[in-house]
Amino acid sequence: MFDFITIGSATQDIFIESDRGKIIETRDINTCEALLAFDYGAKIEIDKLAFDIGGGAVNAAVNFANLGFNTSSIIKIGYDLNAEAVLARLNEKNIDKSLVLRTKEFKTGFSIILTSFEGDRTVLAHRGANSQIKISEIPWEVVKQSKWVYIAPLNGDSNLVLDEFANFAEEHGISMAFNPGSTQIKRGVEDLKRVISTAEVLVMNKSEASGITGIRLSTDPKHSEWEKDMLEMLDNLKSYGPKVVVITNGKHGVNAFDGKTYYFA
């Protein structure tokens, strides 16, 4: 029996940091967006470069394993060098690999993460095998024995697994944490309501929360309306039924609400 099974993506990540990027804000009467820009056609100097293993399912599994929980991960990878790097990270963290899916048709997921001088990140992602998890490949009997499942963002055809996976968790008394990604958010909150309502924990970043609720937050937490809008966003998401709502906000911290108390760290 596992304490946690995570499902979602696994990627080889390259982190690129350059102070030469410019942050451009665009505003209209309803929205405020921030764009990371580099000089077109220029050769940009990189200040820092790092390689790591990421993806929502792997990142969560690593954190659970670091906390001492018996953890496995349902991910799909190819037969390439990036796949070997992913497997090495699972070995390093003593994460069970028995649920890892392999494919010869697609490459392992790959991401380039651009970090601005403010510390926020913009991600260029190749989904690859991450988007190819199928319902028929889920080891349901193993999932049934897990205490928790953590559903990370599911991309492409893998999104078709979401509702079945969430329903299975509820039917068998498995606690669920749900971190929807852009593919799920495009479905709209009404379509996601069933999944959200069964979650013990709903977690997403500020942009994702804005996408679901339609509530726009200023990029500056010191803005006079920021706290009011954040509390409204937490209330809105809590109304759909999850026991705890968590909204992350990059370097500005994390907000949470359990229906009684608002938390900030």
# chains A, B, ... in the order shown; residues from 1 in each chain; ligands from 1
>>> select_by_dssp(residues="segment 90-239 of chain A", states="strand (DSSP E)", output="list in words")
Leu101, Arg102, Gly109, Phe110, Ser111, Ile112, Ile113, Leu114, Thr115, Arg121, Thr122, Val123, Leu124, Ala125, His126, Trp148, Val149, Tyr150, Ile151, Ser175, Met176, Ala177, Phe178, Val201, Leu202, Val203, Met204 and Asn205 of chain A
>>> write_last_selection(atoms="N, CA, C and O atoms", output="short mmCIF file (atom, residue, chain, number, x, y, z; two decimals), in the first residue's frame")
data_model
loop_
_atom_site.label_atom_id
_atom_site.label_comp_id
_atom_site.auth_asym_id
_atom_site.auth_seq_id
_atom_site.Cartn_x
_atom_site.Cartn_y
_atom_site.Cartn_z
N LEU A 101 4.97 4.18 -16.92
CA LEU A 101 4.57 3.70 -18.24
C LEU A 101 5.63 4.11 -19.26
O LEU A 101 6.21 5.18 -19.16
N ARG A 102 5.88 3.26 -20.25
CA ARG A 102 6.88 3.55 -21.28
C ARG A 102 6.24 3.51 -22.67
O ARG A 102 5.28 2.78 -22.91
N GLY A 109 8.87 14.06 -21.87
CA GLY A 109 8.58 15.48 -21.77
C GLY A 109 9.83 16.31 -21.52
O GLY A 109 10.79 15.86 -20.87
N PHE A 110 9.81 17.55 -22.02
CA PHE A 110 11.00 18.41 -21.95
C PHE A 110 10.53 19.86 -21.78
O PHE A 110 9.58 20.30 -22.42
N SER A 111 11.20 20.60 -20.90
CA SER A 111 10.81 21.99 -20.65
C SER A 111 12.03 22.89 -20.55
O SER A 111 13.09 22.48 -20.05
N ILE A 112 11.87 24.11 -21.02
CA ILE A 112 12.84 25.19 -20.80
C ILE A 112 12.16 26.22 -19.93
O ILE A 112 11.09 26.74 -20.28
N ILE A 113 12.75 26.51 -18.77
CA ILE A 113 12.15 27.45 -17.82
C ILE A 113 12.97 28.73 -17.81
O ILE A 113 14.16 28.72 -17.47
N LEU A 114 12.34 29.81 -18.23
CA LEU A 114 12.99 31.12 -18.26
C LEU A 114 12.66 31.86 -16.96
O LEU A 114 11.49 32.08 -16.65
N THR A 115 13.69 32.24 -16.22
CA THR A 115 13.49 32.94 -14.95
C THR A 115 13.84 34.41 -15.11
O THR A 115 14.93 34.75 -15.55
N ARG A 121 8.69 32.67 -13.30
CA ARG A 121 9.12 31.76 -14.35
C ARG A 121 8.13 31.70 -15.51
O ARG A 121 6.93 31.72 -15.31
N THR A 122 8.68 31.62 -16.70
CA THR A 122 7.91 31.35 -17.91
C THR A 122 8.42 30.03 -18.48
O THR A 122 9.63 29.82 -18.59
N VAL A 123 7.49 29.12 -18.84
CA VAL A 123 7.87 27.76 -19.22
C VAL A 123 7.56 27.49 -20.69
O VAL A 123 6.44 27.75 -21.15
N LEU A 124 8.56 26.99 -21.42
CA LEU A 124 8.37 26.48 -22.77
C LEU A 124 8.37 24.96 -22.67
O LEU A 124 9.36 24.37 -22.27
N ALA A 125 7.24 24.32 -23.00
CA ALA A 125 7.08 22.90 -22.70
C ALA A 125 6.79 22.07 -23.95
O ALA A 125 5.96 22.44 -24.78
N HIS A 126 7.50 20.94 -24.06
CA HIS A 126 7.17 19.90 -25.04
C HIS A 126 6.55 18.75 -24.25
O HIS A 126 7.22 18.11 -23.45
N TRP A 148 -3.72 8.18 -0.53
CA TRP A 148 -3.94 9.45 -1.23
C TRP A 148 -3.58 9.29 -2.70
O TRP A 148 -2.67 8.52 -3.05
N VAL A 149 -4.27 10.06 -3.55
CA VAL A 149 -3.82 10.27 -4.92
C VAL A 149 -3.66 11.77 -5.14
O VAL A 149 -4.45 12.57 -4.62
N TYR A 150 -2.62 12.13 -5.85
CA TYR A 150 -2.37 13.53 -6.18
C TYR A 150 -2.45 13.65 -7.70
O TYR A 150 -1.61 13.09 -8.42
N ILE A 151 -3.46 14.37 -8.20
CA ILE A 151 -3.65 14.53 -9.63
C ILE A 151 -3.00 15.84 -10.05
O ILE A 151 -3.52 16.93 -9.78
N SER A 175 -8.32 9.58 -0.44
CA SER A 175 -8.23 11.04 -0.38
C SER A 175 -7.53 11.55 -1.64
O SER A 175 -6.59 10.94 -2.13
N MET A 176 -8.01 12.71 -2.15
CA MET A 176 -7.49 13.23 -3.41
C MET A 176 -7.06 14.68 -3.28
O MET A 176 -7.79 15.51 -2.71
N ALA A 177 -5.90 14.97 -3.81
CA ALA A 177 -5.46 16.35 -4.01
C ALA A 177 -5.45 16.60 -5.51
O ALA A 177 -5.00 15.75 -6.28
N PHE A 178 -5.93 17.77 -5.93
CA PHE A 178 -6.10 18.07 -7.35
C PHE A 178 -5.43 19.39 -7.68
O PHE A 178 -5.71 20.42 -7.08
N VAL A 201 -7.99 18.50 -1.18
CA VAL A 201 -7.15 19.69 -1.36
C VAL A 201 -7.18 20.08 -2.84
O VAL A 201 -6.93 19.25 -3.71
N LEU A 202 -7.51 21.34 -3.11
CA LEU A 202 -7.44 21.91 -4.45
C LEU A 202 -6.31 22.93 -4.44
O LEU A 202 -6.32 23.87 -3.65
N VAL A 203 -5.32 22.75 -5.31
CA VAL A 203 -4.16 23.65 -5.30
C VAL A 203 -3.87 24.11 -6.72
O VAL A 203 -3.93 23.33 -7.68
N MET A 204 -3.59 25.40 -6.87
CA MET A 204 -3.24 25.97 -8.17
C MET A 204 -2.51 27.28 -7.96
O MET A 204 -2.51 27.83 -6.85
N ASN A 205 -1.90 27.78 -9.03
CA ASN A 205 -1.25 29.08 -8.90
C ASN A 205 -2.25 30.20 -9.17
O ASN A 205 -3.40 29.96 -9.54
#
>>> residues_around(residues="Phe168 of chain A", least_positions_apart="6", cutoff="12 Å", atoms="only C-alpha atoms", output="NGL selection string")
:A and (135 or 138-146 or 148-149 or 161-162 or 174-176 or 195 or 198)
>>> write_last_selection(atoms="C-alpha atoms", output="PDB file, in the first residue's frame")
ATOM      1  CA  ILE A 135      -7.399   4.959 -18.957  1.00  0.00           C
ATOM      2  CA  ILE A 138      -4.064   2.815 -15.072  1.00  0.00           C
ATOM      3  CA  PRO A 139      -3.306   0.041 -12.507  1.00  0.00           C
ATOM      4  CA  TRP A 140      -6.657   0.371 -10.757  1.00  0.00           C
ATOM      5  CA  GLU A 141      -6.089  -2.415  -8.225  1.00  0.00           C
ATOM      6  CA  VAL A 142      -2.900  -0.718  -7.032  1.00  0.00           C
ATOM      7  CA  VAL A 143      -4.563   2.714  -6.911  1.00  0.00           C
ATOM      8  CA  LYS A 144      -7.341   1.210  -4.788  1.00  0.00           C
ATOM      9  CA  GLN A 145      -4.794   0.411  -2.063  1.00  0.00           C
ATOM     10  CA  SER A 146      -3.354   3.947  -1.851  1.00  0.00           C
ATOM     11  CA  TRP A 148      -3.938   9.449  -1.234  1.00  0.00           C
ATOM     12  CA  VAL A 149      -3.820  10.266  -4.924  1.00  0.00           C
ATOM     13  CA  VAL A 161      -8.113  10.088 -17.457  1.00  0.00           C
ATOM     14  CA  LEU A 162      -9.064  12.866 -15.016  1.00  0.00           C
ATOM     15  CA  ILE A 174      -9.110   7.466  -1.345  1.00  0.00           C
ATOM     16  CA  SER A 175      -8.227  11.037  -0.382  1.00  0.00           C
ATOM     17  CA  MET A 176      -7.492  13.227  -3.412  1.00  0.00           C
ATOM     18  CA  VAL A 195     -13.878  16.686  -9.759  1.00  0.00           C
ATOM     19  CA  THR A 198     -14.496  15.554  -4.388  1.00  0.00           C
TER      20      THR A 198
END
>>> closest_residue(among="A:Leu87, A:Val100, A:Ile44, A:Met233", to="Lys206 of chain A", atoms="only C-alpha atoms")
A:Met233
>>> residues_around(residues="Val189 of chain A", least_positions_apart="4", cutoff="8 Å", atoms="only C-alpha atoms", output="list in words")
Ile185, Lys193, Ile212 and Thr213 of chain A
>>> closest_residue(among="A:Ala37, A:Ala169, A:Ile196, A:Ile215", to="Ser239 of chain A", atoms="only C-alpha atoms")
A:Ile196
>>> atom_distance(atom1="atom CA of Pro242 of chain A", atom2="atom CA of Gly259 of chain A")
9.3 Å
>>> atom_distance(atom1="atom CA of Glu190 of chain A", atom2="atom CA of His172 of chain A")
24.1 Å
>>> atom_distance(atom1="atom CA of Gly68 of chain A", atom2="atom CA of Phe2 of chain A")
11.5 Å
>>> closest_residue(among="A:Cys32, A:Lys228, A:Thr26, A:Gly56", to="Ala152 of chain A", atoms="only C-alpha atoms")
A:Gly56
>>> residues_around(residues="Ile77 of chain A", least_positions_apart="3", cutoff="6 Å", atoms="only C-alpha atoms", output="PDB file with all heavy atoms, in the first residue's frame")
ATOM      1  N   ALA A  83      14.440  10.091 -20.436  1.00  0.00           N
ATOM      2  CA  ALA A  83      13.747   9.071 -19.656  1.00  0.00           C
ATOM      3  C   ALA A  83      14.676   8.476 -18.600  1.00  0.00           C
ATOM      4  O   ALA A  83      14.274   8.242 -17.450  1.00  0.00           O
ATOM      5  CB  ALA A  83      13.218   7.972 -20.578  1.00  0.00           C
ATOM      6  N   ARG A 102       5.881   3.258 -20.255  1.00  0.00           N
ATOM      7  CA  ARG A 102       6.879   3.545 -21.278  1.00  0.00           C
ATOM      8  C   ARG A 102       6.243   3.511 -22.669  1.00  0.00           C
ATOM      9  O   ARG A 102       5.277   2.784 -22.912  1.00  0.00           O
ATOM     10  CB  ARG A 102       8.026   2.513 -21.233  1.00  0.00           C
ATOM     11  CG  ARG A 102       8.702   2.347 -19.893  1.00  0.00           C
ATOM     12  CD  ARG A 102       9.469   3.572 -19.446  1.00  0.00           C
ATOM     13  NE  ARG A 102      10.587   3.938 -20.283  1.00  0.00           N
ATOM     14  CZ  ARG A 102      11.849   3.534 -20.087  1.00  0.00           C
ATOM     15  NH1 ARG A 102      12.127   2.708 -19.088  1.00  0.00           N
ATOM     16  NH2 ARG A 102      12.823   3.942 -20.876  1.00  0.00           N
ATOM     17  N   THR A 108      10.224  11.631 -24.126  1.00  0.00           N
ATOM     18  CA  THR A 108       9.958  12.075 -22.762  1.00  0.00           C
ATOM     19  C   THR A 108       9.739  13.593 -22.747  1.00  0.00           C
ATOM     20  O   THR A 108      10.360  14.329 -23.521  1.00  0.00           O
ATOM     21  CB  THR A 108      11.138  11.703 -21.856  1.00  0.00           C
ATOM     22  OG1 THR A 108      11.337  10.285 -21.929  1.00  0.00           O
ATOM     23  CG2 THR A 108      10.887  12.102 -20.412  1.00  0.00           C
ATOM     24  N   ALA A 129       5.459  12.293 -24.291  1.00  0.00           N
ATOM     25  CA  ALA A 129       4.749  11.141 -23.725  1.00  0.00           C
ATOM     26  C   ALA A 129       3.790  11.534 -22.613  1.00  0.00           C
ATOM     27  O   ALA A 129       2.849  10.791 -22.307  1.00  0.00           O
ATOM     28  CB  ALA A 129       5.767  10.121 -23.202  1.00  0.00           C
TER      29      ALA A 129
END
>>> closest_residue(among="A:Ile14, A:Ile247, A:Ile5, A:Ala50", to="Ile95 of chain A", atoms="only C-alpha atoms")
A:Ile5
>>> residues_around(residues="Leu67 of chain A", least_positions_apart="6", cutoff="12 Å", atoms="only C-alpha atoms", output="compact mmCIF listing (two decimals) with C-alpha atoms, in the first residue's frame")
# COMPACT_ATOMS: atom_id res chain seq x y z
CA ASP A 3 0.75 6.63 1.13
CA PHE A 4 0.65 8.65 -2.10
CA ALA A 60 4.93 16.12 -5.96
CA ALA A 61 6.27 12.57 -5.59
CA LYS A 93 14.47 9.62 -3.95
CA ASN A 94 13.38 6.01 -3.34
CA ILE A 95 10.15 6.54 -5.27
